[in-house]
file entry-v2.csv (CSV, C-alpha atoms (C1' of nucleotides))
chain,number,residue,atom,x,y,z
Y,1,MET,CA,120.1,-108.6,24.9
Y,2,PRO,CA,117.9,-109.3,27.9
Y,3,ASP,CA,119.5,-110.3,31.1
Y,4,LYS,CA,118.0,-113.7,31.1
Y,5,ARG,CA,119.6,-114.7,27.8
Y,6,LEU,CA,122.9,-113.2,28.8
Y,7,SER,CA,123.0,-115.1,32.1
Y,8,LEU,CA,122.2,-118.4,30.4
Y,9,TYR,CA,125.5,-118.1,28.5
Y,10,PHE,CA,127.3,-117.1,31.7
Y,11,GLN,CA,125.9,-120.1,33.4
Y,12,LEU,CA,127.2,-122.4,30.6
Y,13,LEU,CA,130.7,-121.0,30.9
Y,14,ASN,CA,130.6,-121.1,34.7
Y,15,GLU,CA,129.6,-124.7,34.7
Y,16,ILE,CA,132.3,-125.5,32.3
Y,17,GLY,CA,134.8,-123.7,34.5
Y,18,ILE,CA,133.8,-125.7,37.5
Y,19,VAL,CA,134.0,-129.0,35.7
Y,20,SER,CA,137.4,-128.0,34.4
Y,21,GLN,CA,138.6,-127.2,37.9
Y,22,LEU,CA,137.2,-130.4,39.3
Y,23,SER,CA,138.9,-132.6,36.7
Y,24,ARG,CA,142.1,-130.7,37.1
Y,25,THR,CA,142.2,-131.3,40.8
Y,26,LEU,CA,141.4,-134.9,40.4
Y,27,LEU,CA,144.1,-135.5,37.9
Y,28,GLU,CA,146.7,-133.6,39.9
Y,29,SER,CA,145.9,-135.6,43.0
Y,30,ARG,CA,146.7,-138.8,41.1
Y,31,MET,CA,149.9,-137.7,39.4
Y,32,GLU,CA,153.4,-138.1,40.9
Y,33,HIS,CA,156.6,-136.1,40.6
Y,34,GLY,CA,154.6,-133.0,41.4
Y,35,MET,CA,153.5,-132.8,37.7
Y,36,LEU,CA,150.4,-130.8,37.0
Y,37,LEU,CA,147.7,-130.8,34.5
Y,38,PRO,CA,149.5,-128.8,31.8
Y,39,HIS,CA,152.4,-131.2,31.9
Y,40,PHE,CA,150.2,-134.2,31.5
Y,41,SER,CA,148.2,-132.5,28.8
Y,42,VAL,CA,151.3,-131.7,26.8
Y,43,LEU,CA,152.6,-135.3,27.0
Y,44,ASN,CA,149.2,-136.7,26.1
Y,45,HIS,CA,149.0,-134.3,23.1
Y,46,LEU,CA,152.5,-135.3,21.9
Y,47,ILE,CA,151.3,-138.9,21.9
Y,48,ARG,CA,147.9,-138.4,20.5
Y,49,VAL,CA,148.7,-135.9,17.8
Y,50,GLY,CA,152.4,-136.8,17.3
Y,51,ASP,CA,155.5,-135.1,18.4
Y,52,GLY,CA,158.0,-132.9,16.5
Y,53,THR,CA,155.7,-130.0,17.0
Y,54,THR,CA,156.7,-126.5,18.2
Y,55,PRO,CA,156.2,-124.7,21.5
Y,56,LEU,CA,154.0,-122.1,19.8
Y,57,LYS,CA,151.7,-124.8,18.3
Y,58,LEU,CA,151.3,-126.4,21.7
Y,59,ALA,CA,150.5,-123.0,23.2
Y,60,ASN,CA,147.8,-122.6,20.6
Y,61,ALA,CA,146.5,-126.1,21.0
Y,62,PHE,CA,145.9,-125.4,24.7
Y,63,GLN,CA,145.0,-121.8,24.3
Y,64,VAL,CA,147.6,-120.6,26.8
Y,65,PRO,CA,150.1,-117.7,26.3
Y,66,LYS,CA,153.3,-118.9,24.8
Y,67,THR,CA,155.2,-117.6,27.8
Y,68,SER,CA,153.2,-120.1,30.0
Y,69,MET,CA,154.1,-122.9,27.5
Y,70,THR,CA,157.8,-122.0,27.7
Y,71,HIS,CA,157.6,-122.6,31.5
Y,72,THR,CA,155.7,-125.8,31.2
Y,73,LEU,CA,158.1,-127.2,28.6
Y,74,ALA,CA,161.1,-126.2,30.7
Y,75,ARG,CA,159.7,-128.2,33.5
Y,76,LEU,CA,159.1,-131.2,31.3
Y,77,VAL,CA,162.7,-131.0,30.0
Y,78,ASP,CA,164.0,-130.9,33.6
Y,79,ALA,CA,161.9,-134.0,34.4
Y,80,GLY,CA,163.4,-135.7,31.3
Y,81,PHE,CA,160.0,-136.2,29.8
Y,82,ILE,CA,160.6,-134.3,26.6
Y,83,GLU,CA,163.5,-133.2,24.4
Y,84,MET,CA,163.7,-129.8,22.7
Y,85,ARG,CA,165.8,-129.7,19.6
Y,86,GLU,CA,166.7,-126.8,17.3
Y,87,ASN,CA,165.0,-126.6,14.0
Y,88,GLU,CA,167.6,-126.5,11.4
Y,89,LYS,CA,165.3,-125.0,8.8
Y,90,ASP,CA,164.2,-122.1,11.0
Y,91,LYS,CA,166.6,-121.2,13.7
Y,92,ARG,CA,164.0,-119.3,15.7
Y,93,SER,CA,161.9,-122.4,16.2
Y,94,LYS,CA,162.3,-125.6,18.2
Y,95,SER,CA,160.9,-129.0,18.0
Y,96,ILE,CA,159.5,-131.0,20.9
Y,97,PHE,CA,159.9,-134.8,21.2
Y,98,ILE,CA,158.6,-137.0,23.9
Y,99,THR,CA,161.1,-139.4,25.6
Y,100,ARG,CA,160.7,-142.9,26.7
Y,101,ALA,CA,160.4,-141.7,30.3
Y,102,GLY,CA,157.7,-139.2,29.1
Y,103,ARG,CA,155.7,-141.9,27.6
Y,104,ALA,CA,156.0,-144.1,30.7
Y,105,PHE,CA,154.9,-141.2,32.9
Y,106,ARG,CA,151.9,-140.5,30.7
Y,107,ASP,CA,150.9,-144.1,30.6
Y,108,GLN,CA,151.3,-144.4,34.3
Y,109,SER,CA,149.2,-141.3,34.9
Y,110,ILE,CA,146.4,-142.7,32.8
Y,111,GLN,CA,146.5,-145.9,34.7
Y,112,SER,CA,146.4,-144.1,38.0
Y,113,LEU,CA,143.4,-142.3,36.8
Y,114,ALA,CA,141.6,-145.3,35.2
Y,115,PRO,CA,139.6,-146.2,38.3
Y,116,ASP,CA,138.2,-142.7,38.5
Y,117,VAL,CA,137.3,-142.7,34.9
Y,118,GLN,CA,135.6,-146.1,35.3
Y,119,ALA,CA,133.6,-144.7,38.2
Y,120,LEU,CA,132.7,-141.8,36.0
Y,121,ALA,CA,131.7,-144.1,33.1
Y,122,LYS,CA,129.3,-145.9,35.4
Y,123,GLU,CA,127.2,-142.7,35.7
Y,124,LEU,CA,127.9,-141.0,32.4
Y,125,SER,CA,127.7,-143.3,29.4
Y,126,MET,CA,129.9,-143.1,26.4
Y,127,LYS,CA,126.8,-142.2,24.5
Y,128,GLU,CA,126.2,-139.2,26.6
Y,129,VAL,CA,129.8,-138.2,26.2
Y,130,GLN,CA,129.7,-138.5,22.5
Y,131,ALA,CA,126.6,-136.4,22.5
Y,132,MET,CA,128.4,-133.6,24.4
Y,133,LEU,CA,131.5,-133.5,22.4
Y,134,PRO,CA,130.3,-131.9,19.2
Y,135,ALA,CA,128.6,-129.1,21.0
Y,136,LEU,CA,131.8,-128.4,23.0
Y,137,GLU,CA,134.0,-128.5,20.0
Y,138,HIS,CA,131.6,-126.1,18.3
Y,139,LEU,CA,131.8,-123.8,21.3
Y,140,ARG,CA,135.5,-124.0,21.3
Y,141,LYS,CA,135.8,-123.1,17.7
Y,142,ILE,CA,133.5,-120.1,18.0
Y,143,LEU,CA,135.5,-118.8,21.0
Y,144,ASP,CA,138.7,-119.5,19.2
Y,145,ARG,CA,137.6,-117.5,16.2
Y,146,GLN,CA,136.4,-114.6,18.4
Y,147,ARG,CA,139.8,-114.4,20.0
Y,148,ASP,CA,141.3,-112.6,17.1
V,1,MET,CA,138.7,-150.5,30.3
V,2,PRO,CA,140.0,-150.3,26.7
V,3,ASP,CA,142.1,-147.4,25.7
V,4,LYS,CA,139.6,-146.1,23.3
V,5,ARG,CA,136.9,-145.7,25.9
V,6,LEU,CA,139.3,-144.2,28.3
V,7,SER,CA,140.5,-141.7,25.8
V,8,LEU,CA,137.0,-140.6,25.0
V,9,TYR,CA,136.6,-139.4,28.5
V,10,PHE,CA,140.0,-137.7,28.4
V,11,GLN,CA,139.0,-135.9,25.3
V,12,LEU,CA,135.8,-134.7,26.9
V,13,LEU,CA,137.7,-133.2,29.9
V,14,ASN,CA,140.4,-131.8,27.6
V,15,GLU,CA,137.8,-130.0,25.5
V,16,ILE,CA,136.2,-128.6,28.6
V,17,GLY,CA,139.5,-127.4,29.9
V,18,ILE,CA,140.2,-125.6,26.6
V,19,VAL,CA,136.9,-123.9,26.5
V,20,SER,CA,137.3,-122.9,30.1
V,21,GLN,CA,140.7,-121.4,29.3
V,22,LEU,CA,139.3,-119.5,26.3
V,23,SER,CA,136.4,-118.0,28.2
V,24,ARG,CA,138.7,-117.1,31.1
V,25,THR,CA,141.0,-115.2,28.8
V,26,LEU,CA,138.2,-113.5,27.0
V,27,LEU,CA,136.6,-112.3,30.3
V,28,GLU,CA,139.9,-111.1,31.7
V,29,SER,CA,140.7,-109.1,28.7
V,30,ARG,CA,137.4,-107.3,29.1
V,31,MET,CA,137.7,-106.5,32.8
V,32,GLU,CA,139.2,-103.5,34.4
V,33,HIS,CA,141.1,-102.9,37.6
V,34,GLY,CA,143.2,-106.0,37.0
V,35,MET,CA,140.4,-108.2,38.2
V,36,LEU,CA,140.5,-111.8,37.2
V,37,LEU,CA,137.9,-114.5,36.5
V,38,PRO,CA,137.7,-115.7,40.2
V,39,HIS,CA,137.0,-112.1,41.3
V,40,PHE,CA,134.2,-111.7,38.8
V,41,SER,CA,132.8,-115.2,39.6
V,42,VAL,CA,132.6,-114.5,43.3
V,43,LEU,CA,130.8,-111.2,42.7
V,44,ASN,CA,128.4,-112.8,40.2
V,45,HIS,CA,127.7,-115.6,42.6
V,46,LEU,CA,127.0,-113.2,45.5
V,47,ILE,CA,124.4,-111.5,43.3
V,48,ARG,CA,122.8,-114.6,41.8
V,49,VAL,CA,122.7,-116.8,44.8
V,50,GLY,CA,122.7,-114.1,47.4
V,51,ASP,CA,125.3,-112.8,49.8
V,52,GLY,CA,125.8,-113.4,53.5
V,53,THR,CA,127.5,-116.6,52.6
V,54,THR,CA,130.9,-117.8,54.0
V,55,PRO,CA,134.3,-118.1,52.5
V,56,LEU,CA,134.2,-121.9,52.8
V,57,LYS,CA,130.9,-122.1,51.0
V,58,LEU,CA,132.3,-120.0,48.2
V,59,ALA,CA,135.4,-122.2,47.9
V,60,ASN,CA,133.1,-125.2,47.6
V,61,ALA,CA,130.9,-123.6,45.1
V,62,PHE,CA,133.9,-123.0,42.8
V,63,GLN,CA,135.7,-126.1,43.8
V,64,VAL,CA,138.9,-124.3,44.7
V,65,PRO,CA,141.0,-124.8,47.8
V,66,LYS,CA,139.8,-122.6,50.7
V,67,THR,CA,143.3,-121.0,50.8
V,68,SER,CA,142.8,-119.8,47.3
V,69,MET,CA,139.5,-118.3,48.2
V,70,THR,CA,141.0,-116.5,51.1
V,71,HIS,CA,143.3,-114.8,48.7
V,72,THR,CA,140.6,-114.0,46.2
V,73,LEU,CA,138.4,-112.5,48.9
V,74,ALA,CA,141.2,-110.4,50.3
V,75,ARG,CA,141.7,-108.9,46.9
V,76,LEU,CA,138.0,-108.1,46.6
V,77,VAL,CA,138.0,-106.5,50.0
V,78,ASP,CA,141.0,-104.4,49.0
V,79,ALA,CA,139.2,-103.3,45.9
V,80,GLY,CA,136.2,-102.4,48.0
V,81,PHE,CA,133.9,-104.8,46.2
V,82,ILE,CA,132.9,-106.9,49.2
V,83,GLU,CA,132.8,-106.7,53.0
V,84,MET,CA,133.7,-109.4,55.4
V,85,ARG,CA,132.0,-109.4,58.7
V,86,GLU,CA,132.4,-111.6,61.8
V,87,ASN,CA,129.7,-114.2,62.4
V,88,GLU,CA,128.5,-113.6,65.9
V,89,LYS,CA,127.0,-117.1,66.2
V,90,ASP,CA,130.2,-118.8,65.2
V,91,LYS,CA,133.3,-116.9,65.8
V,92,ARG,CA,135.3,-119.1,63.5
V,93,SER,CA,133.3,-118.1,60.6
V,94,LYS,CA,132.8,-114.9,58.5
V,95,SER,CA,130.1,-113.6,56.3
V,96,ILE,CA,130.6,-112.0,52.9
V,97,PHE,CA,128.5,-109.1,51.6
V,98,ILE,CA,128.8,-107.4,48.2
V,99,THR,CA,129.1,-103.6,48.2
V,100,ARG,CA,127.5,-101.1,46.0
V,101,ALA,CA,130.9,-100.7,44.2
V,102,GLY,CA,131.0,-104.5,43.8
V,103,ARG,CA,127.6,-104.6,42.2
V,104,ALA,CA,128.6,-101.8,39.9
V,105,PHE,CA,131.8,-103.5,38.9
V,106,ARG,CA,130.0,-106.8,38.2
V,107,ASP,CA,127.3,-105.0,36.1
V,108,GLN,CA,129.9,-103.1,34.2
V,109,SER,CA,131.9,-106.3,33.5
V,110,ILE,CA,128.8,-108.0,32.1
V,111,GLN,CA,128.1,-105.0,29.9
V,112,SER,CA,131.7,-105.0,28.6
V,113,LEU,CA,131.3,-108.7,27.7
V,114,ALA,CA,127.8,-108.4,26.2
V,115,PRO,CA,129.0,-107.9,22.6
V,116,ASP,CA,131.1,-111.0,22.9
V,117,VAL,CA,128.2,-113.0,24.2
V,118,GLN,CA,126.0,-111.6,21.5
V,119,ALA,CA,128.5,-112.8,18.9
V,120,LEU,CA,128.6,-116.1,20.5
V,121,ALA,CA,124.8,-116.3,20.6
V,122,LYS,CA,124.7,-115.8,16.8
V,123,GLU,CA,126.5,-119.1,16.3
V,124,LEU,CA,125.3,-121.1,19.4
V,125,SER,CA,121.6,-120.8,20.0
V,126,MET,CA,120.0,-120.7,23.4
V,127,LYS,CA,118.5,-124.0,22.5
V,128,GLU,CA,121.9,-125.6,22.1
V,129,VAL,CA,123.0,-124.1,25.3
V,130,GLN,CA,120.0,-125.4,27.1
V,131,ALA,CA,120.8,-128.8,25.7
V,132,MET,CA,124.3,-128.7,27.0
V,133,LEU,CA,123.6,-127.6,30.5
V,134,PRO,CA,122.0,-130.6,32.0
V,135,ALA,CA,124.8,-132.9,30.9
V,136,LEU,CA,127.4,-130.6,32.2
V,137,GLU,CA,125.6,-130.3,35.5
V,138,HIS,CA,125.4,-134.0,35.7
V,139,LEU,CA,129.1,-134.3,35.0
V,140,ARG,CA,129.8,-131.8,37.7
V,141,LYS,CA,127.8,-133.6,40.3
V,142,ILE,CA,129.4,-136.9,39.5
V,143,LEU,CA,132.9,-135.4,39.8
V,144,ASP,CA,131.9,-133.6,42.9
V,145,ARG,CA,130.7,-136.7,44.5
V,146,GLN,CA,133.9,-138.6,43.6
V,147,ARG,CA,136.0,-136.0,45.2
V,148,ASP,CA,135.3,-137.3,48.7
T,1,DC,C1',170.4,-106.1,-1.3
T,2,DT,C1',168.4,-103.4,2.4
T,3,DC,C1',165.3,-102.2,5.6
T,4,DA,C1',160.8,-102.7,7.8
T,5,DT,C1',158.0,-105.8,9.7
T,6,DA,C1',156.6,-110.3,11.3
T,7,DT,C1',157.4,-114.5,14.0
T,8,DA,C1',159.4,-117.9,17.6
T,9,DG,C1',160.9,-118.1,21.8
T,10,DT,C1',162.8,-116.3,26.4
T,11,DT,C1',163.5,-113.2,30.4
T,12,DC,C1',161.6,-110.7,34.0
T,13,DG,C1',158.5,-109.0,37.4
T,14,DA,C1',154.1,-109.1,39.5
T,15,DT,C1',150.4,-111.8,41.0
T,16,DA,C1',147.8,-116.2,41.6
T,17,DT,C1',147.5,-120.8,43.2
T,18,DC,C1',147.8,-124.3,46.4
T,19,DG,C1',149.6,-127.7,49.9
T,20,DC,C1',151.0,-127.8,54.5
T,21,DA,C1',151.0,-126.4,58.9
T,22,DC,C1',148.9,-123.4,62.1
T,23,DT,C1',145.3,-120.8,65.3
T,24,DA,C1',140.9,-120.3,67.1
T,25,DT,C1',136.5,-121.9,68.0
T,26,DA,C1',132.9,-125.4,68.1
T,27,DT,C1',131.1,-130.0,68.9
T,28,DA,C1',130.8,-134.7,70.7
T,29,DG,C1',131.9,-138.5,73.8
T,30,DT,C1',132.5,-139.8,78.4
L,1,DA,C1',133.2,-130.3,82.9
L,2,DC,C1',137.1,-132.4,80.2
L,3,DT,C1',139.2,-133.9,76.5
L,4,DA,C1',139.4,-135.4,71.7
L,5,DT,C1',138.2,-134.3,67.4
L,6,DA,C1',136.2,-131.5,63.8
L,7,DT,C1',135.6,-127.1,61.4
L,8,DA,C1',136.6,-122.1,59.6
L,9,DG,C1',139.9,-119.5,58.3
L,10,DT,C1',144.9,-117.7,57.7
L,11,DG,C1',150.2,-117.5,57.0
L,12,DC,C1',153.8,-119.1,54.5
L,13,DG,C1',156.7,-121.0,51.0
L,14,DA,C1',157.1,-123.1,46.5
L,15,DT,C1',155.6,-123.0,42.1
L,16,DA,C1',152.5,-121.5,38.2
L,17,DT,C1',150.7,-118.0,35.3
L,18,DC,C1',150.9,-114.3,32.3
L,19,DG,C1',151.7,-109.5,30.3
L,20,DA,C1',155.4,-106.6,28.7
L,21,DA,C1',159.6,-106.1,26.9
L,22,DC,C1',163.3,-108.3,24.7
L,23,DT,C1',166.5,-111.2,21.3
L,24,DA,C1',167.2,-113.6,17.3
L,25,DT,C1',165.8,-115.0,13.0
L,26,DA,C1',162.9,-114.9,8.9
L,27,DT,C1',160.1,-112.7,5.3
L,28,DG,C1',158.5,-109.2,2.2
L,29,DA,C1',158.6,-104.6,-0.2
L,30,DG,C1',161.1,-101.7,-2.8
call {"tool": "encode", "arguments": {"input": "entry-v2.csv", "output": "structure tokens"}}
result
Amino acid sequence: MPDKRLSLYFQLLNEIGIVSQLSRTLLESRMEHGMLLPHFSVLNHLIRVGDGTTPLKLANAFQVPKTSMTHTLARLVDAGFIEMRENEKDKRSKSIFITRAGRAFRDQSIQSLAPDVQALAKELSMKEVQAMLPALEHLRKILDRQRD
Amino acid sequence: MPDKRLSLYFQLLNEIGIVSQLSRTLLESRMEHGMLLPHFSVLNHLIRVGDGTTPLKLANAFQVPKTSMTHTLARLVDAGFIEMRENEKDKRSKSIFITRAGRAFRDQSIQSLAPDVQALAKELSMKEVQAMLPALEHLRKILDRQRD
DNA sequence: CTCATATAGTTCGATATCGCACTATATAGT
DNA sequence: ACTATATAGTGCGATATCGAACTATATGAG
């Protein structure tokens, strides 16, 4: 593969990395209680996709090592934003539930971020976003498949 | 702003975060010497954009805090992949140069990753990549501007 | 049923990350 | 020139991240 082609793909992933970094910093600067992006992401996921899921499924959803997810969940339990219950059917496994406080925190984080998203929306239309999403999902699925 | 609109933008950033995470893991699994994505990214940048730049400029290029860049650069110096020289004109500042070993390591990393990129290219054409890039750059610039 | 293997999650240690506070140097205002 | 402010980079401490090894439970092969 010629260098030019290779570097195009590198450029794509580099650009994605920088955007990821920027949005992470933005979110974290708006959140309270010292919560970080992974904490918010988990809470948001529990609401969007539904709770009762397991730590491993969450780790897979965010593509982080399960050991990192353990840590993130422990922090959320400490903060009172989630509950971890034993799974009676499979004693190895646990189930995660979001608490009232967790919902409140997630809602509040979104509200704190709303002005930023509004500003973003002024320059990047929903149409443009909708155009980007399928390609990104496609890319994610490819990379996900390659991981094995 | 209605929830639906808000969540579309969240979904975009979430998807970008996951792809970023996936590509990071992939790259790091292919690199030797315990180097991580930031180390590779800096070396790659020094070659693509040219060296002689400063730590602060690098921090800005990757949108990380300058204190993180200090750490990354120290690691690269230790590994013998870059050199840091004093700037005679401005004694506060330093200049970064990539070494022969740094170039070799960067080239080798790219070679190690080439098969993965090839596999990726089979499913995601250059055309698709070229279609994604402008939108991502646009998004990056908007977020970058908002940061201030 | 028993044993080998797979799976879910945690612990531990090494390193990365980053905010805050700090030093040193440069620049601007008067 | 003198002082206030801005800028480049670093040191430190708290926390996050992650690979390797571990425990506990489940599943499958015979």
call {"tool": "residues_around", "arguments": {"input": "entry-v2.csv", "residues": "region 18-25 of chain T", "least_positions_apart": "3", "cutoff": "8 Å", "atoms": "all atoms listed in the file", "output": "ChimeraX atom specification"}}
result
/V:65,67-68,90-92 /L:11
call {"tool": "interface_residues", "arguments": {"input": "entry-v2.csv", "of": "chain Y", "to": "chain T", "cutoff": "12 Å", "atoms": "all atoms listed in the file", "output": "PyMOL selection string"}}
result
chain Y and resi 25+28-29+34+36+54-57+59+65-71+73-74+86-87+90-95
call {"tool": "calpha_fit_and_write", "arguments": {"input": "entry-v2.csv", "fixed": "chain V", "moving": "chain Y", "output": "CSV table (one decimal) with C-alpha atoms, keeping the file's coordinate frame"}}
result
chain,number,residue,atom,x,y,z
Y,1,MET,CA,138.8,-150.6,30.1
Y,2,PRO,CA,140.0,-150.4,26.6
Y,3,ASP,CA,142.1,-147.5,25.6
Y,4,LYS,CA,139.6,-146.1,23.2
Y,5,ARG,CA,136.9,-145.7,25.8
Y,6,LEU,CA,139.3,-144.2,28.3
Y,7,SER,CA,140.5,-141.6,25.8
Y,8,LEU,CA,137.0,-140.6,24.9
Y,9,TYR,CA,136.6,-139.4,28.5
Y,10,PHE,CA,140.0,-137.7,28.4
Y,11,GLN,CA,139.0,-135.9,25.3
Y,12,LEU,CA,135.8,-134.6,26.9
Y,13,LEU,CA,137.7,-133.2,29.8
Y,14,ASN,CA,140.4,-131.8,27.6
Y,15,GLU,CA,137.8,-130.0,25.5
Y,16,ILE,CA,136.2,-128.7,28.5
Y,17,GLY,CA,139.5,-127.4,29.8
Y,18,ILE,CA,140.2,-125.6,26.6
Y,19,VAL,CA,136.8,-123.9,26.5
Y,20,SER,CA,137.3,-122.9,30.1
Y,21,GLN,CA,140.7,-121.4,29.4
Y,22,LEU,CA,139.3,-119.6,26.3
Y,23,SER,CA,136.4,-118.0,28.2
Y,24,ARG,CA,138.6,-117.1,31.1
Y,25,THR,CA,141.0,-115.2,28.8
Y,26,LEU,CA,138.2,-113.5,27.1
Y,27,LEU,CA,136.6,-112.3,30.3
Y,28,GLU,CA,139.9,-111.2,31.8
Y,29,SER,CA,140.7,-109.1,28.7
Y,30,ARG,CA,137.5,-107.2,29.1
Y,31,MET,CA,137.7,-106.6,32.8
Y,32,GLU,CA,139.3,-103.5,34.4
Y,33,HIS,CA,141.1,-102.9,37.7
Y,34,GLY,CA,143.2,-105.9,36.9
Y,35,MET,CA,140.4,-108.2,38.3
Y,36,LEU,CA,140.4,-111.8,37.2
Y,37,LEU,CA,138.0,-114.5,36.6
Y,38,PRO,CA,137.7,-115.7,40.2
Y,39,HIS,CA,136.9,-112.2,41.4
Y,40,PHE,CA,134.2,-111.7,38.8
Y,41,SER,CA,132.8,-115.2,39.5
Y,42,VAL,CA,132.6,-114.5,43.2
Y,43,LEU,CA,130.7,-111.2,42.7
Y,44,ASN,CA,128.4,-112.8,40.2
Y,45,HIS,CA,127.7,-115.7,42.7
Y,46,LEU,CA,127.0,-113.2,45.5
Y,47,ILE,CA,124.4,-111.6,43.3
Y,48,ARG,CA,122.9,-114.6,41.8
Y,49,VAL,CA,122.7,-116.8,44.8
Y,50,GLY,CA,122.6,-114.0,47.5
Y,51,ASP,CA,125.2,-112.8,49.8
Y,52,GLY,CA,125.8,-113.4,53.5
Y,53,THR,CA,127.5,-116.6,52.6
Y,54,THR,CA,130.9,-117.8,54.0
Y,55,PRO,CA,134.3,-118.1,52.5
Y,56,LEU,CA,134.2,-121.9,52.8
Y,57,LYS,CA,130.9,-122.1,50.9
Y,58,LEU,CA,132.3,-120.0,48.1
Y,59,ALA,CA,135.4,-122.2,48.0
Y,60,ASN,CA,133.1,-125.2,47.6
Y,61,ALA,CA,130.8,-123.5,45.1
Y,62,PHE,CA,133.8,-123.0,42.8
Y,63,GLN,CA,135.6,-126.1,43.8
Y,64,VAL,CA,138.9,-124.3,44.7
Y,65,PRO,CA,140.9,-124.8,47.9
Y,66,LYS,CA,139.8,-122.6,50.7
Y,67,THR,CA,143.3,-121.1,50.9
Y,68,SER,CA,142.8,-119.8,47.2
Y,69,MET,CA,139.4,-118.3,48.2
Y,70,THR,CA,141.0,-116.5,51.2
Y,71,HIS,CA,143.3,-114.8,48.7
Y,72,THR,CA,140.6,-114.0,46.2
Y,73,LEU,CA,138.4,-112.5,48.9
Y,74,ALA,CA,141.3,-110.4,50.3
Y,75,ARG,CA,141.7,-108.9,47.0
Y,76,LEU,CA,138.0,-108.1,46.6
Y,77,VAL,CA,138.0,-106.5,50.1
Y,78,ASP,CA,141.0,-104.3,49.0
Y,79,ALA,CA,139.2,-103.3,45.9
Y,80,GLY,CA,136.1,-102.4,48.1
Y,81,PHE,CA,133.9,-104.8,46.2
Y,82,ILE,CA,132.9,-106.9,49.2
Y,83,GLU,CA,132.7,-106.6,53.0
Y,84,MET,CA,133.7,-109.4,55.4
Y,85,ARG,CA,132.0,-109.3,58.7
Y,86,GLU,CA,132.4,-111.6,61.8
Y,87,ASN,CA,129.7,-114.1,62.4
Y,88,GLU,CA,128.4,-113.5,65.9
Y,89,LYS,CA,127.0,-116.9,66.2
Y,90,ASP,CA,130.2,-118.7,65.2
Y,91,LYS,CA,133.3,-116.8,65.8
Y,92,ARG,CA,135.4,-118.9,63.5
Y,93,SER,CA,133.3,-118.0,60.5
Y,94,LYS,CA,132.8,-114.9,58.5
Y,95,SER,CA,130.1,-113.6,56.3
Y,96,ILE,CA,130.6,-112.0,52.9
Y,97,PHE,CA,128.5,-109.1,51.5
Y,98,ILE,CA,128.8,-107.4,48.2
Y,99,THR,CA,129.1,-103.6,48.2
Y,100,ARG,CA,127.5,-101.1,46.0
Y,101,ALA,CA,130.9,-100.7,44.2
Y,102,GLY,CA,131.0,-104.5,43.8
Y,103,ARG,CA,127.7,-104.6,42.2
Y,104,ALA,CA,128.6,-101.7,39.8
Y,105,PHE,CA,131.8,-103.5,38.9
Y,106,ARG,CA,130.0,-106.8,38.2
Y,107,ASP,CA,127.3,-105.0,36.1
Y,108,GLN,CA,130.0,-103.1,34.2
Y,109,SER,CA,131.9,-106.3,33.5
Y,110,ILE,CA,128.8,-108.0,32.1
Y,111,GLN,CA,128.2,-105.1,29.9
Y,112,SER,CA,131.7,-105.1,28.6
Y,113,LEU,CA,131.3,-108.6,27.8
Y,114,ALA,CA,127.8,-108.4,26.2
Y,115,PRO,CA,129.0,-107.9,22.7
Y,116,ASP,CA,131.1,-111.0,22.9
Y,117,VAL,CA,128.2,-113.0,24.2
Y,118,GLN,CA,126.0,-111.6,21.5
Y,119,ALA,CA,128.5,-112.7,18.9
Y,120,LEU,CA,128.6,-116.1,20.6
Y,121,ALA,CA,124.7,-116.3,20.6
Y,122,LYS,CA,124.7,-115.8,16.9
Y,123,GLU,CA,126.5,-119.1,16.4
Y,124,LEU,CA,125.3,-121.1,19.4
Y,125,SER,CA,121.6,-120.8,20.1
Y,126,MET,CA,120.0,-120.7,23.4
Y,127,LYS,CA,118.5,-124.0,22.6
Y,128,GLU,CA,121.8,-125.6,22.1
Y,129,VAL,CA,123.0,-124.1,25.3
Y,130,GLN,CA,120.1,-125.4,27.2
Y,131,ALA,CA,120.7,-128.8,25.7
Y,132,MET,CA,124.3,-128.8,27.1
Y,133,LEU,CA,123.6,-127.6,30.5
Y,134,PRO,CA,122.0,-130.7,32.0
Y,135,ALA,CA,124.8,-132.9,30.8
Y,136,LEU,CA,127.4,-130.6,32.3
Y,137,GLU,CA,125.7,-130.3,35.6
Y,138,HIS,CA,125.4,-134.1,35.7
Y,139,LEU,CA,129.1,-134.3,35.0
Y,140,ARG,CA,129.8,-131.8,37.6
Y,141,LYS,CA,127.9,-133.6,40.2
Y,142,ILE,CA,129.5,-137.0,39.5
Y,143,LEU,CA,133.0,-135.4,39.8
Y,144,ASP,CA,131.9,-133.6,42.9
Y,145,ARG,CA,130.8,-136.8,44.5
Y,146,GLN,CA,133.9,-138.7,43.5
Y,147,ARG,CA,136.0,-136.0,45.2
Y,148,ASP,CA,135.4,-137.4,48.6
call {"tool": "interface_residues", "arguments": {"input": "entry-v2.csv", "of": "chain L", "to": "chain V", "cutoff": "9 Å", "atoms": "all atoms listed in the file", "output": "PyMOL selection string"}}
result
chain L and resi 7-10
call {"tool": "atom_distance", "arguments": {"input": "entry-v2.csv", "atom1": "CA of Gly50 (chain Y)", "atom2": "C1' of DT15 (chain L)"}}
result
28.6 Å
call {"tool": "atom_distance", "arguments": {"input": "entry-v2.csv", "atom1": "CA of Leu27 (chain Y)", "atom2": "CA of Ser109 (chain Y)"}}
result
8.3 Å
call {"tool": "atom_distance", "arguments": {"input": "entry-v2.csv", "atom1": "C1' of DG19 (chain L)", "atom2": "CA of Ala79 (chain V)"}}
result
20.9 Å
